[in-house]
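File shown here: work.tsv, holding TSV, C-alpha atoms.
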```
chain	number	residue	atom	x	y	z
I	1	MET	CA	-48.40	-3.65	-5.63
I	2	LYS	CA	-44.87	-3.09	-6.90
I	3	THR	CA	-42.91	-0.45	-4.99
I	4	THR	CA	-41.31	2.34	-7.02
I	5	VAL	CA	-37.53	2.39	-6.73
I	6	HIS	CA	-36.28	5.97	-6.63
I	7	ASN	CA	-32.54	5.20	-6.55
I	8	PRO	CA	-31.56	5.00	-10.25
I	9	ASP	CA	-28.66	2.59	-9.63
I	10	LEU	CA	-30.92	0.27	-7.65
I	11	ALA	CA	-33.66	0.56	-10.28
I	12	ARG	CA	-31.21	-0.54	-12.98
I	13	PHE	CA	-30.17	-3.47	-10.79
I	14	VAL	CA	-33.78	-4.61	-10.26
I	15	GLU	CA	-34.52	-4.26	-13.97
I	16	ALA	CA	-31.41	-5.79	-15.53
I	17	GLY	CA	-28.97	-7.09	-12.90
I	18	THR	CA	-25.52	-6.13	-11.62
I	19	LEU	CA	-23.35	-3.96	-13.82
I	20	TYR	CA	-20.21	-5.99	-14.61
I	21	LEU	CA	-16.99	-4.43	-15.88
I	22	SER	CA	-14.56	-7.09	-17.10
I	23	ALA	CA	-10.80	-6.66	-17.38
I	24	PRO	CA	-10.97	-6.00	-21.16
I	25	ASP	CA	-13.81	-3.51	-20.65
I	26	ALA	CA	-11.88	-1.73	-17.89
I	27	ALA	CA	-8.85	-1.41	-20.15
I	28	ASP	CA	-11.10	-0.05	-22.91
I	29	LEU	CA	-12.62	2.44	-20.46
I	30	VAL	CA	-9.16	3.71	-19.50
I	31	ARG	CA	-8.10	3.97	-23.16
I	32	ARG	CA	-11.22	5.96	-23.99
I	33	HIS	CA	-11.03	8.25	-20.96
I	34	GLY	CA	-7.22	8.55	-20.91
I	35	VAL	CA	-4.72	7.30	-18.33
I	36	ALA	CA	-3.87	10.66	-16.79
I	37	PRO	CA	-7.51	11.85	-16.65
I	38	CYS	CA	-8.48	8.57	-14.94
I	39	ILE	CA	-5.75	8.99	-12.34
I	40	GLU	CA	-6.67	12.61	-11.70
I	41	ALA	CA	-10.38	11.80	-11.40
I	42	ILE	CA	-9.69	8.96	-8.94
I	43	ALA	CA	-7.43	11.29	-6.94
I	44	ALA	CA	-10.25	13.83	-6.79
I	45	ASN	CA	-12.58	11.12	-5.46
I	46	ILE	CA	-10.00	10.04	-2.88
I	47	ARG	CA	-9.57	13.61	-1.70
I	48	ALA	CA	-13.34	14.10	-1.42
I	49	ASP	CA	-13.79	10.83	0.48
I	50	PHE	CA	-10.85	11.46	2.83
I	51	LEU	CA	-12.32	14.87	3.64
I	52	ARG	CA	-15.40	13.07	5.00
I	53	TRP	CA	-13.33	10.47	6.85
I	54	ALA	CA	-15.71	10.28	9.82
I	55	ASP	CA	-18.59	9.18	7.56
I	56	PHE	CA	-17.00	5.78	6.92
I	57	ASP	CA	-17.09	2.51	8.83
I	58	LYS	CA	-13.42	1.55	8.60
I	59	THR	CA	-11.42	-1.59	9.32
I	60	ALA	CA	-7.96	-2.90	8.55
I	61	ARG	CA	-7.98	-5.42	5.74
I	62	VAL	CA	-8.42	-9.11	6.45
I	63	ALA	CA	-5.38	-11.05	5.23
I	64	ALA	CA	-4.58	-14.73	4.69
I	65	HIS	CA	-0.81	-15.15	4.45
I	66	SER	CA	1.17	-18.07	3.05
I	67	ASP	CA	4.86	-18.66	2.47
I	68	VAL	CA	4.59	-17.32	-1.08
I	69	GLY	CA	2.03	-14.53	-0.89
I	70	VAL	CA	-1.08	-13.05	0.61
I	71	ILE	CA	-4.81	-12.86	-0.22
I	72	GLU	CA	-6.78	-10.00	1.29
I	73	LEU	CA	-10.28	-8.59	1.61
I	74	MET	CA	-10.61	-4.82	2.00
I	75	PRO	CA	-14.07	-3.58	3.13
I	76	VAL	CA	-15.38	-0.08	3.85
I	77	ALA	CA	-18.79	1.60	3.89
I	78	ASP	CA	-20.62	4.86	4.39
I	79	ALA	CA	-24.37	5.29	4.90
I	80	GLN	CA	-25.18	4.75	1.20
I	81	ARG	CA	-22.58	2.42	-0.32
I	82	TYR	CA	-20.53	-0.57	0.79
I	83	SER	CA	-17.49	-1.80	-1.09
I	84	PHE	CA	-14.89	-4.50	-0.81
I	85	LYS	CA	-11.83	-5.49	-2.81
I	86	TYR	CA	-10.41	-8.98	-3.17
I	87	VAL	CA	-6.68	-8.70	-3.89
I	88	ASN	CA	-3.62	-10.92	-3.78
I	89	GLY	CA	0.12	-10.32	-3.70
I	90	HIS	CA	2.25	-13.18	-5.04
I	91	PRO	CA	5.67	-12.02	-6.32
I	92	GLY	CA	6.37	-15.44	-7.87
I	93	ASN	CA	3.30	-15.31	-10.11
I	94	THR	CA	5.13	-13.82	-13.07
I	95	ARG	CA	6.96	-17.15	-13.54
I	96	LEU	CA	3.53	-18.70	-14.13
I	97	GLY	CA	2.35	-16.01	-16.51
I	98	LEU	CA	0.15	-14.42	-13.83
I	99	SER	CA	0.24	-10.92	-12.39
I	100	THR	CA	1.80	-10.35	-8.97
I	101	VAL	CA	-1.34	-8.44	-8.00
I	102	MET	CA	-4.84	-9.46	-9.17
I	103	ALA	CA	-8.03	-7.91	-7.87
I	104	PHE	CA	-11.76	-7.44	-8.26
I	105	GLY	CA	-14.33	-5.54	-6.23
I	106	VAL	CA	-17.98	-4.84	-5.52
I	107	LEU	CA	-19.95	-1.67	-4.88
I	108	ALA	CA	-23.24	-2.39	-3.09
I	109	ASP	CA	-26.32	-0.54	-1.88
I	110	VAL	CA	-26.29	-0.29	1.93
I	111	ASP	CA	-30.08	-0.12	2.32
I	112	THR	CA	-30.71	-3.39	0.46
I	113	GLY	CA	-27.34	-5.13	0.14
I	114	ALA	CA	-27.86	-5.30	-3.64
I	115	PRO	CA	-24.54	-5.70	-5.51
I	116	LEU	CA	-24.82	-2.80	-7.93
I	117	PHE	CA	-21.38	-3.05	-9.52
I	118	LEU	CA	-18.83	-5.85	-9.98
I	119	SER	CA	-15.53	-4.79	-11.49
I	120	GLU	CA	-12.01	-5.89	-12.21
I	121	LEU	CA	-9.62	-3.99	-9.96
I	122	THR	CA	-6.18	-5.11	-11.11
I	123	LEU	CA	-5.71	-2.25	-13.57
I	124	THR	CA	-7.85	-0.02	-11.36
I	125	THR	CA	-5.64	-0.72	-8.32
I	126	ALA	CA	-2.61	0.51	-10.26
I	127	LEU	CA	-4.51	3.68	-11.15
I	128	ARG	CA	-5.71	4.32	-7.60
I	129	THR	CA	-2.30	3.57	-6.05
I	130	ALA	CA	-0.72	6.10	-8.39
I	131	ALA	CA	-3.52	8.57	-7.64
I	132	MET	CA	-3.00	8.22	-3.89
I	133	SER	CA	0.79	8.56	-4.22
I	134	ALA	CA	0.57	11.69	-6.33
I	135	LEU	CA	-2.12	13.26	-4.13
I	136	ALA	CA	0.04	12.71	-1.04
I	137	ALA	CA	3.12	14.11	-2.75
I	138	LYS	CA	1.22	17.15	-4.00
I	139	VAL	CA	0.39	17.94	-0.36
I	140	LEU	CA	3.61	16.81	1.37
I	141	ALA	CA	6.52	17.27	-1.07
I	142	ARG	CA	8.26	20.58	-1.72
I	143	PRO	CA	6.25	22.55	-4.29
I	144	ASP	CA	9.32	22.93	-6.52
I	145	SER	CA	9.89	19.16	-6.79
I	146	ARG	CA	10.76	18.21	-10.39
I	147	VAL	CA	13.03	15.15	-10.15
I	148	MET	CA	11.79	11.73	-8.99
I	149	ALA	CA	13.69	8.50	-8.46
I	150	LEU	CA	11.54	5.44	-9.17
I	151	ILE	CA	12.94	2.32	-7.53
I	152	GLY	CA	11.16	-0.82	-8.78
I	153	ASN	CA	10.07	-0.66	-12.40
I	154	GLY	CA	7.41	-3.37	-12.48
I	155	ALA	CA	3.72	-3.37	-13.30
I	156	GLN	CA	2.78	-0.23	-11.34
I	157	SER	CA	5.72	1.96	-12.34
I	158	GLU	CA	4.24	3.55	-15.48
I	159	PHE	CA	1.16	4.65	-13.55
I	160	GLN	CA	3.29	6.18	-10.80
I	161	ALA	CA	5.44	8.03	-13.35
I	162	LEU	CA	2.47	9.46	-15.24
I	163	ALA	CA	0.62	10.42	-12.05
I	164	PHE	CA	3.61	12.39	-10.75
I	165	ALA	CA	4.17	14.04	-14.11
I	166	HIS	CA	0.57	15.20	-14.49
I	167	MET	CA	-0.35	15.93	-10.88
I	168	VAL	CA	2.91	16.97	-9.20
I	169	GLY	CA	4.93	18.47	-12.05
I	170	ILE	CA	7.75	15.92	-12.21
I	171	THR	CA	9.81	16.40	-15.37
I	172	ASP	CA	12.84	14.13	-14.77
I	173	LEU	CA	12.63	10.47	-13.86
I	174	ARG	CA	15.59	8.42	-12.61
I	175	LEU	CA	15.05	4.65	-12.73
I	176	TYR	CA	16.54	1.62	-11.04
I	177	ASP	CA	15.44	-2.01	-10.89
I	178	ILE	CA	17.45	-5.15	-10.18
I	179	ASP	CA	16.00	-6.48	-13.46
I	180	PRO	CA	17.28	-4.35	-16.40
I	181	ALA	CA	14.45	-5.67	-18.56
I	182	ALA	CA	11.91	-4.03	-16.24
I	183	SER	CA	13.58	-0.64	-16.66
I	184	ALA	CA	13.77	-1.12	-20.44
I	185	LYS	CA	10.05	-1.91	-20.47
I	186	LEU	CA	9.28	1.24	-18.49
I	187	VAL	CA	11.43	3.42	-20.78
I	188	ALA	CA	9.63	2.04	-23.83
I	189	ASN	CA	6.19	2.58	-22.32
I	190	LEU	CA	7.00	6.18	-21.37
I	191	GLN	CA	7.97	7.17	-24.89
I	192	GLY	CA	6.02	10.28	-25.82
I	193	SER	CA	5.14	11.10	-22.20
I	194	GLY	CA	7.34	14.20	-22.11
I	195	LEU	CA	9.36	12.88	-19.19
I	196	ARG	CA	13.15	12.93	-19.34
I	197	VAL	CA	14.12	9.40	-18.29
I	198	THR	CA	17.52	8.19	-17.06
I	199	VAL	CA	18.28	4.56	-16.22
I	200	CYS	CA	20.70	4.32	-13.29
I	201	ALA	CA	23.12	1.60	-12.22
I	202	SER	CA	22.08	1.54	-8.53
I	203	THR	CA	19.51	2.78	-6.08
I	204	ALA	CA	22.03	5.24	-4.65
I	205	GLU	CA	22.70	6.71	-8.10
I	206	ALA	CA	18.98	7.06	-8.84
I	207	VAL	CA	18.21	8.72	-5.51
I	208	ARG	CA	21.09	11.22	-5.66
I	209	GLY	CA	19.65	14.70	-6.28
I	210	ALA	CA	16.01	13.53	-6.40
I	211	ASP	CA	13.28	15.66	-4.85
I	212	ILE	CA	10.93	12.68	-4.50
I	213	VAL	CA	11.78	9.00	-4.18
I	214	THR	CA	9.11	6.39	-4.92
I	215	THR	CA	9.80	2.77	-4.00
I	216	VAL	CA	7.54	0.17	-5.61
I	217	THR	CA	9.30	-3.14	-5.05
I	218	ALA	CA	7.56	-6.51	-4.89
I	219	ASP	CA	9.65	-8.94	-2.82
I	220	LYS	CA	7.73	-10.25	0.19
I	221	ARG	CA	10.45	-9.62	2.77
I	222	ASN	CA	11.95	-6.97	4.99
I	223	ALA	CA	14.32	-5.14	2.65
I	224	LEU	CA	16.58	-2.13	2.90
I	225	ILE	CA	15.91	-0.47	-0.43
I	226	LEU	CA	16.75	2.93	1.04
I	227	THR	CA	19.36	3.51	3.76
I	228	PRO	CA	20.02	6.70	5.78
I	229	GLU	CA	23.11	7.84	3.87
I	230	MET	CA	21.05	8.02	0.66
I	231	ILE	CA	18.52	10.48	2.07
I	232	GLU	CA	19.10	14.17	1.37
I	233	PRO	CA	17.41	17.03	3.27
I	234	GLY	CA	14.00	18.04	1.96
I	235	VAL	CA	13.28	14.82	0.07
I	236	HIS	CA	9.82	13.28	0.07
I	237	LEU	CA	9.73	9.47	0.26
I	238	ASN	CA	6.76	7.67	-1.22
I	239	ALA	CA	7.08	4.12	0.16
I	240	VAL	CA	4.58	1.97	-1.75
I	241	GLY	CA	6.02	-1.55	-1.83
I	242	GLY	CA	5.92	-2.37	1.89
I	243	ASP	CA	2.32	-3.41	2.41
I	244	CYS	CA	2.14	-6.49	4.63
I	245	PRO	CA	3.74	-7.90	7.79
I	246	GLY	CA	7.36	-8.80	7.16
I	247	LYS	CA	7.67	-6.62	4.04
I	248	THR	CA	9.35	-3.22	4.25
I	249	GLU	CA	11.61	-1.04	2.08
I	250	LEU	CA	13.13	1.62	4.35
I	251	HIS	CA	15.84	1.41	6.99
I	252	GLY	CA	14.26	2.17	10.36
I	253	ASP	CA	16.59	5.10	11.05
I	254	ILE	CA	15.08	6.95	8.07
I	255	LEU	CA	11.73	6.99	9.83
I	256	GLU	CA	13.28	8.27	13.06
I	257	ALA	CA	14.65	11.32	11.26
I	258	ALA	CA	11.53	12.02	9.18
I	259	LYS	CA	7.93	13.14	9.59
I	260	VAL	CA	5.79	10.13	8.76
I	261	PHE	CA	2.29	10.11	7.28
I	262	VAL	CA	-0.02	7.11	6.91
I	263	GLU	CA	-3.47	6.30	5.56
I	264	TYR	CA	-5.18	4.36	8.36
I	265	GLU	CA	-2.95	4.02	11.41
I	266	PRO	CA	-4.33	0.70	12.78
I	267	GLN	CA	-3.57	-0.97	9.44
I	268	SER	CA	-0.22	0.76	8.92
I	269	ARG	CA	0.99	-0.37	12.36
I	270	ILE	CA	0.58	-3.96	11.12
I	271	GLU	CA	1.62	-3.69	7.48
I	272	GLY	CA	3.56	-0.49	6.85
I	273	GLU	CA	7.10	0.73	7.24
I	274	ILE	CA	6.19	1.57	10.85
I	275	GLN	CA	5.39	-2.07	11.71
I	276	HIS	CA	8.66	-2.40	13.65
I	277	LYS	CA	8.22	0.85	15.56
I	278	THR	CA	6.81	1.11	19.07
I	279	ALA	CA	3.16	2.00	19.55
I	280	ASP	CA	4.09	5.55	20.58
I	281	PHE	CA	6.06	6.28	17.41
I	282	ALA	CA	4.45	9.45	16.08
I	283	VAL	CA	2.59	9.37	12.75
I	284	THR	CA	-0.05	11.58	11.13
I	285	GLU	CA	-3.04	10.22	9.22
I	286	PHE	CA	-3.18	11.90	5.82
I	287	TRP	CA	-6.84	12.88	6.07
I	288	GLN	CA	-5.96	15.09	9.03
I	289	VAL	CA	-3.64	17.12	6.81
I	290	LEU	CA	-6.26	17.44	4.08
I	291	ARG	CA	-8.78	18.74	6.62
I	292	GLY	CA	-6.29	21.18	8.11
I	293	GLU	CA	-6.33	19.46	11.50
I	294	ARG	CA	-2.60	18.60	11.42
I	295	SER	CA	0.34	20.14	9.59
I	296	GLY	CA	2.05	18.54	6.60
I	297	ARG	CA	5.61	19.47	5.73
I	298	ASP	CA	6.90	21.93	8.33
I	299	HIS	CA	9.92	23.33	6.42
I	300	ALA	CA	11.78	22.89	3.13
I	301	GLY	CA	14.60	20.82	4.65
I	302	GLN	CA	12.33	18.32	6.38
I	303	VAL	CA	12.28	14.71	5.18
I	304	THR	CA	8.71	13.49	4.78
I	305	VAL	CA	7.58	9.88	4.35
I	306	PHE	CA	4.24	8.70	3.03
I	307	ASP	CA	4.04	5.15	4.37
I	308	SER	CA	1.52	3.87	1.84
I	309	VAL	CA	0.01	0.41	2.30
I	310	GLY	CA	-3.23	0.92	0.37
I	311	PHE	CA	-6.50	1.41	2.23
I	312	ALA	CA	-10.02	0.26	1.36
I	313	LEU	CA	-11.38	3.80	1.16
I	314	GLU	CA	-9.13	4.42	-1.86
I	315	ASP	CA	-10.72	1.43	-3.61
I	316	PHE	CA	-14.16	2.76	-2.70
I	317	SER	CA	-13.18	6.01	-4.42
I	318	ALA	CA	-11.84	4.14	-7.44
I	319	LEU	CA	-14.94	1.93	-7.72
I	320	ARG	CA	-17.13	5.04	-7.67
I	321	PHE	CA	-15.15	6.45	-10.57
I	322	MET	CA	-15.20	3.23	-12.61
I	323	HIS	CA	-18.94	2.76	-12.01
I	324	ASP	CA	-19.89	6.32	-12.88
I	325	THR	CA	-17.65	6.34	-15.96
I	326	ALA	CA	-18.92	2.97	-17.18
I	327	VAL	CA	-22.51	4.22	-16.91
I	328	ARG	CA	-21.65	7.49	-18.65
I	329	LEU	CA	-19.80	5.73	-21.49
I	330	ALA	CA	-22.43	2.96	-21.73
I	331	MET	CA	-19.85	0.26	-21.03
I	332	GLY	CA	-20.02	-3.11	-19.28
I	333	GLU	CA	-22.67	-5.81	-19.12
I	334	ARG	CA	-25.65	-6.55	-16.91
I	335	ILE	CA	-25.41	-9.98	-15.25
I	336	ALA	CA	-27.60	-12.03	-12.91
I	337	LEU	CA	-25.07	-12.15	-10.07
I	338	VAL	CA	-27.85	-12.77	-7.52
I	339	PRO	CA	-31.45	-13.90	-8.12
I	340	VAL	CA	-34.29	-11.41	-8.35
I	341	LEU	CA	-37.40	-13.41	-7.37
I	342	SER	CA	-41.01	-12.79	-8.27
I	343	ASP	CA	-41.72	-14.13	-4.77
I	344	PRO	CA	-38.72	-13.22	-2.58
I	345	LYS	CA	-39.94	-15.57	0.17
I	346	ASN	CA	-39.91	-18.62	-2.13
I	347	LEU	CA	-36.29	-19.27	-3.11
I	348	PHE	CA	-36.93	-23.02	-3.37
I	349	GLY	CA	-39.71	-22.35	-5.85
I	350	SER	CA	-37.15	-20.97	-8.27
I	351	LEU	CA	-35.89	-24.54	-8.75
I	352	ARG	CA	-39.21	-25.78	-10.14
I	353	ALA	CA	-39.37	-26.08	-13.92
I	354	ALA	CA	-38.20	-23.32	-16.26
I	355	PRO	CA	-37.35	-19.82	-14.99
I	356	SER	CA	-40.90	-18.95	-13.94
I	357	GLY	CA	-40.23	-17.50	-10.49
I	358	LEU	CA	-36.58	-16.59	-11.01
I	359	THR	CA	-35.60	-13.52	-12.95
I	360	CYS	CA	-32.22	-14.02	-14.59
I	361	PRO	CA	-31.50	-11.03	-16.85
I	362	ARG	CA	-29.63	-11.82	-20.02
I	363	VAL	CA	-26.05	-10.59	-20.29
I	364	LEU	CA	-26.62	-7.52	-22.40
I	365	PRO	CA	-24.93	-4.21	-23.12
I	366	VAL	CA	-25.62	-1.37	-20.74
I	367	VAL	CA	-28.15	1.06	-22.16
I	368	ASP	CA	-28.16	3.58	-19.33
I	369	ALA	CA	-26.57	6.32	-21.44
I	370	PRO	CA	-25.91	6.98	-25.13
I	371	ALA	CA	-22.52	5.87	-26.38
I	372	PRO	CA	-20.14	8.78	-26.94
I	373	ASP	CA	-17.84	9.13	-29.90
I	374	ARG	CA	-14.92	6.74	-29.79
I	375	CYS	CA	-11.61	8.20	-28.77
I	376	GLY	CA	-8.39	7.37	-30.54
I	377	ALA	CA	-5.20	5.90	-29.19
I	378	LEU	CA	-4.22	5.73	-25.53
I	379	ARG	CA	-3.74	9.21	-24.09
I	380	VAL	CA	-1.10	9.78	-21.41
```
In structure tokens, how does this file's structure come out?
Amino acid sequence: MKTTVHNPDLARFVEAGTLYLSAPDAADLVRRHGVAPCIEAIAANIRADFLRWADFDKTARVAAHSDVGVIELMPVADAQRYSFKYVNGHPGNTRLGLSTVMAFGVLADVDTGAPLFLSELTLTTALRTAAMSALAAKVLARPDSRVMALIGNGAQSEFQALAFAHMVGITDLRLYDIDPAASAKLVANLQGSGLRVTVCASTAEAVRGADIVTTVTADKRNALILTPEMIEPGVHLNAVGGDCPGKTELHGDILEAAKVFVEYEPQSRIEGEIQHKTADFAVTEFWQVLRGERSGRDHAGQVTVFDSVGFALEDFSALRFMHDTAVRLAMGERIALVPVLSDPKNLFGSLRAAPSGLTCPRVLPVVDAPAPDRCGALRV
């Protein structure tokens, strides 16, 4: 007798296979939903998941480093869902026509291990990184912050700019990149965003007078993008680019004079700006601020640092959003990622003649929900 499956996501998996969201489909989803609404929705998921921090089985990501880059797996789970992200970081990839960061991920059912959702996460990682940055700044920066310096104008910069405009209230953006073409690209992509954009001749010029400074550089090395003499009282530093051993962006003395916040301390001690600090160097995990267990900014003149390395729980939050939105918009395909057997104890039997004992659902459009009206051009 066939057992009734009460979990609708699991029932869809048993009936038609894993929901697969390709890179083109993910881009279409973001166009239809809107960039800023996607970022804000992912930020809302991150906030909700961080507020239930204790519910998750957490671990620092597993990394394989080489001389030219890194490949990482980032797992996390609660009692219902497990997720992981595969992601790389290879700054030299652009010379080959490849992205510096490429990623995909899985959302699975904890009770059965069934892979419910397989998705691209390259575009999604940019959205969730921007969402995390803006959420942290909304909590830690001065409420009257309106000017942001954006140092590093590569693939993630547009998402950071739009997130801070829509979630934090940034109106003026000051740009610097060692590659002028990167800044020109960013200026062009931000046309119509409502942001007032100024391209600066140096990091120091861009940082001068900024309320928030976001660093999103890609070089895999210890760098000194920001030095102490650049830092003005009351500024909030959003350090995004330093995210693996041997890769930092801030002079160590900046951290000594600031209040530092991290995502998951065991991972940040290895990969973040604090990797060169002693084990007793004081930091605050961001979830503690959200839950009211620790204070955020203590006064207007305090320098705050969000030492962001990217944590698996943020990808869990982003995968939840992409899955739920794909189902709602009837997007993606159903694929036979793993076999569904008529006799689960007879895997070998699936090799005998024709697909008698092996259920391999066709790749077909998702029919879980009616398709909504198509939206127009990309909304920012």
### Task
Please provide as a list of chain:residue names all residues within 6 Å of I:Ser83, with the sequence filter that same-chain residues fewer than 6 positions apart are discarded (counting only C-alpha atoms).
I:Pro75, I:Val76, I:Val106, I:Leu107, I:Phe316
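For the set I:Ser119, I:Thr215, I:Ser133, I:Thr171, the residue with the smallest atom-to-atom gap to I:Glu40 is I:Ser133, counting all atoms listed in the file.
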### Task
Return the single residue from I:Asp9, I:Asp280, I:Glu232, I:Glu120 that is closest to I:Asp315, with distances computed using all atoms listed in the file.
I:Glu120
### Message
For a quick check of your reading of the model, name the residues lying within 9 Å of the coordinate (-0.2, 14.3, 11.4), counting all atoms listed in the file, and write them as a list of chain:residue names.
### Response
I:Lys259, I:Val260, I:Phe261, I:Val262, I:Ala282, I:Val283, I:Thr284, I:Glu285, I:Phe286, I:Trp287, I:Gln288, I:Val289, I:Glu293, I:Arg294, I:Ser295, I:Gly296
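The coordinates place atom CA of I:Leu337 at 7.0 Å from atom CA of I:Gly17.
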Mind checking which residues fall within 7 Å of stretch 233-246 of chain I, counting all atoms listed in the file, ignoring those fewer than 4 positions away in the same chain, and posting them as a short mmCIF file (atom, residue, chain, number, x, y, z; two decimals) with C-alpha atoms, keeping the file's coordinate frame?
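Contents of the output file result-v9.cif:
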```
data_model
loop_
_atom_site.label_atom_id
_atom_site.label_comp_id
_atom_site.auth_asym_id
_atom_site.auth_seq_id
_atom_site.Cartn_x
_atom_site.Cartn_y
_atom_site.Cartn_z
CA SER I 133 0.79 8.56 -4.22
CA ALA I 141 6.52 17.27 -1.07
CA ASP I 211 13.28 15.66 -4.85
CA ILE I 212 10.93 12.68 -4.50
CA VAL I 213 11.78 9.00 -4.18
CA THR I 214 9.11 6.39 -4.92
CA THR I 215 9.80 2.77 -4.00
CA VAL I 216 7.54 0.17 -5.61
CA THR I 217 9.30 -3.14 -5.05
CA ALA I 218 7.56 -6.51 -4.89
CA ARG I 221 10.45 -9.62 2.77
CA ASN I 222 11.95 -6.97 4.99
CA ILE I 270 0.58 -3.96 11.12
CA GLU I 271 1.62 -3.69 7.48
CA GLY I 272 3.56 -0.49 6.85
CA GLU I 273 7.10 0.73 7.24
CA ALA I 300 11.78 22.89 3.13
CA GLY I 301 14.60 20.82 4.65
CA GLN I 302 12.33 18.32 6.38
CA VAL I 303 12.28 14.71 5.18
CA THR I 304 8.71 13.49 4.78
CA VAL I 305 7.58 9.88 4.35
CA PHE I 306 4.24 8.70 3.03
CA ASP I 307 4.04 5.15 4.37
CA SER I 308 1.52 3.87 1.84
CA VAL I 309 0.01 0.41 2.30
#
```
Within 8 Å of stretch 61-67 of chain I, counting only C-alpha atoms, which residues show up once you throw out same-chain ones fewer than 6 positions away? Write them as a PDB file with C-alpha atoms, in the frame of the given file, please.
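Output file out21.pdb is given in full below:
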```pdb
ATOM      1  CA  LEU I  73     -10.280  -8.590   1.610  1.00  0.00           C
ATOM      2  CA  MET I  74     -10.610  -4.820   2.000  1.00  0.00           C
ATOM      3  CA  PRO I  75     -14.070  -3.580   3.130  1.00  0.00           C
ATOM      4  CA  GLN I 267      -3.570  -0.970   9.440  1.00  0.00           C
ATOM      5  CA  PHE I 311      -6.500   1.410   2.230  1.00  0.00           C
ATOM      6  CA  ALA I 312     -10.020   0.260   1.360  1.00  0.00           C
TER       7      ALA I 312
END
```
### Query
What gap, in Å, lies between atom CA of I:Arg196 and atom CA of I:Gly310?
28.3 Å
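For the residues I:Glu205, I:Ala131, I:Leu162, I:Ser268, ranking by smallest atom-to-atom distance to I:Asp177 using only C-alpha atoms places I:Glu205 first.
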### Query
From the set I:Ser202, I:Leu319, I:Tyr82, I:Asp324, which residue has the shortest atom-to-atom contact distance to I:Thr112, counting only C-alpha atoms?
I:Tyr82
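Around I:Pro180, within 12 Å and counting only C-alpha atoms, the residues found are I:Ile151, I:Gly152, I:Asn153, I:Gly154, I:Leu186, I:Val187, I:Val199, I:Cys200, I:Ala201, I:Ser202, once anything fewer than 6 positions away on its own chain is removed.
Taking atom CA of I:Ala184 and atom CA of I:Asp172 as endpoints, the distance between them is 16.3 Å.
If all atoms listed in the file are the atoms counted, then among I:Glu158, I:Asp343, I:Asp55, I:Glu263 the closest residue to I:Ala188 is I:Glu158.
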### Shortest interatomic distance to I:Leu175 - which of I:Val197, I:Leu250, I:Leu255, I:Ala326, counting only C-alpha atoms
I:Val197
Go ahead and fit an axis-aligned box to every listed atom of stretch 185-204 of chain I plus 6 Å each side, and pass me the centre and edge lengths in Å, one decimal, as lines of an AutoDock Vina configuration file.
```
center_x = 14.1
center_y = 6.1
center_z = -15.2
size_x = 30.0
size_y = 28.1
size_z = 33.2
```
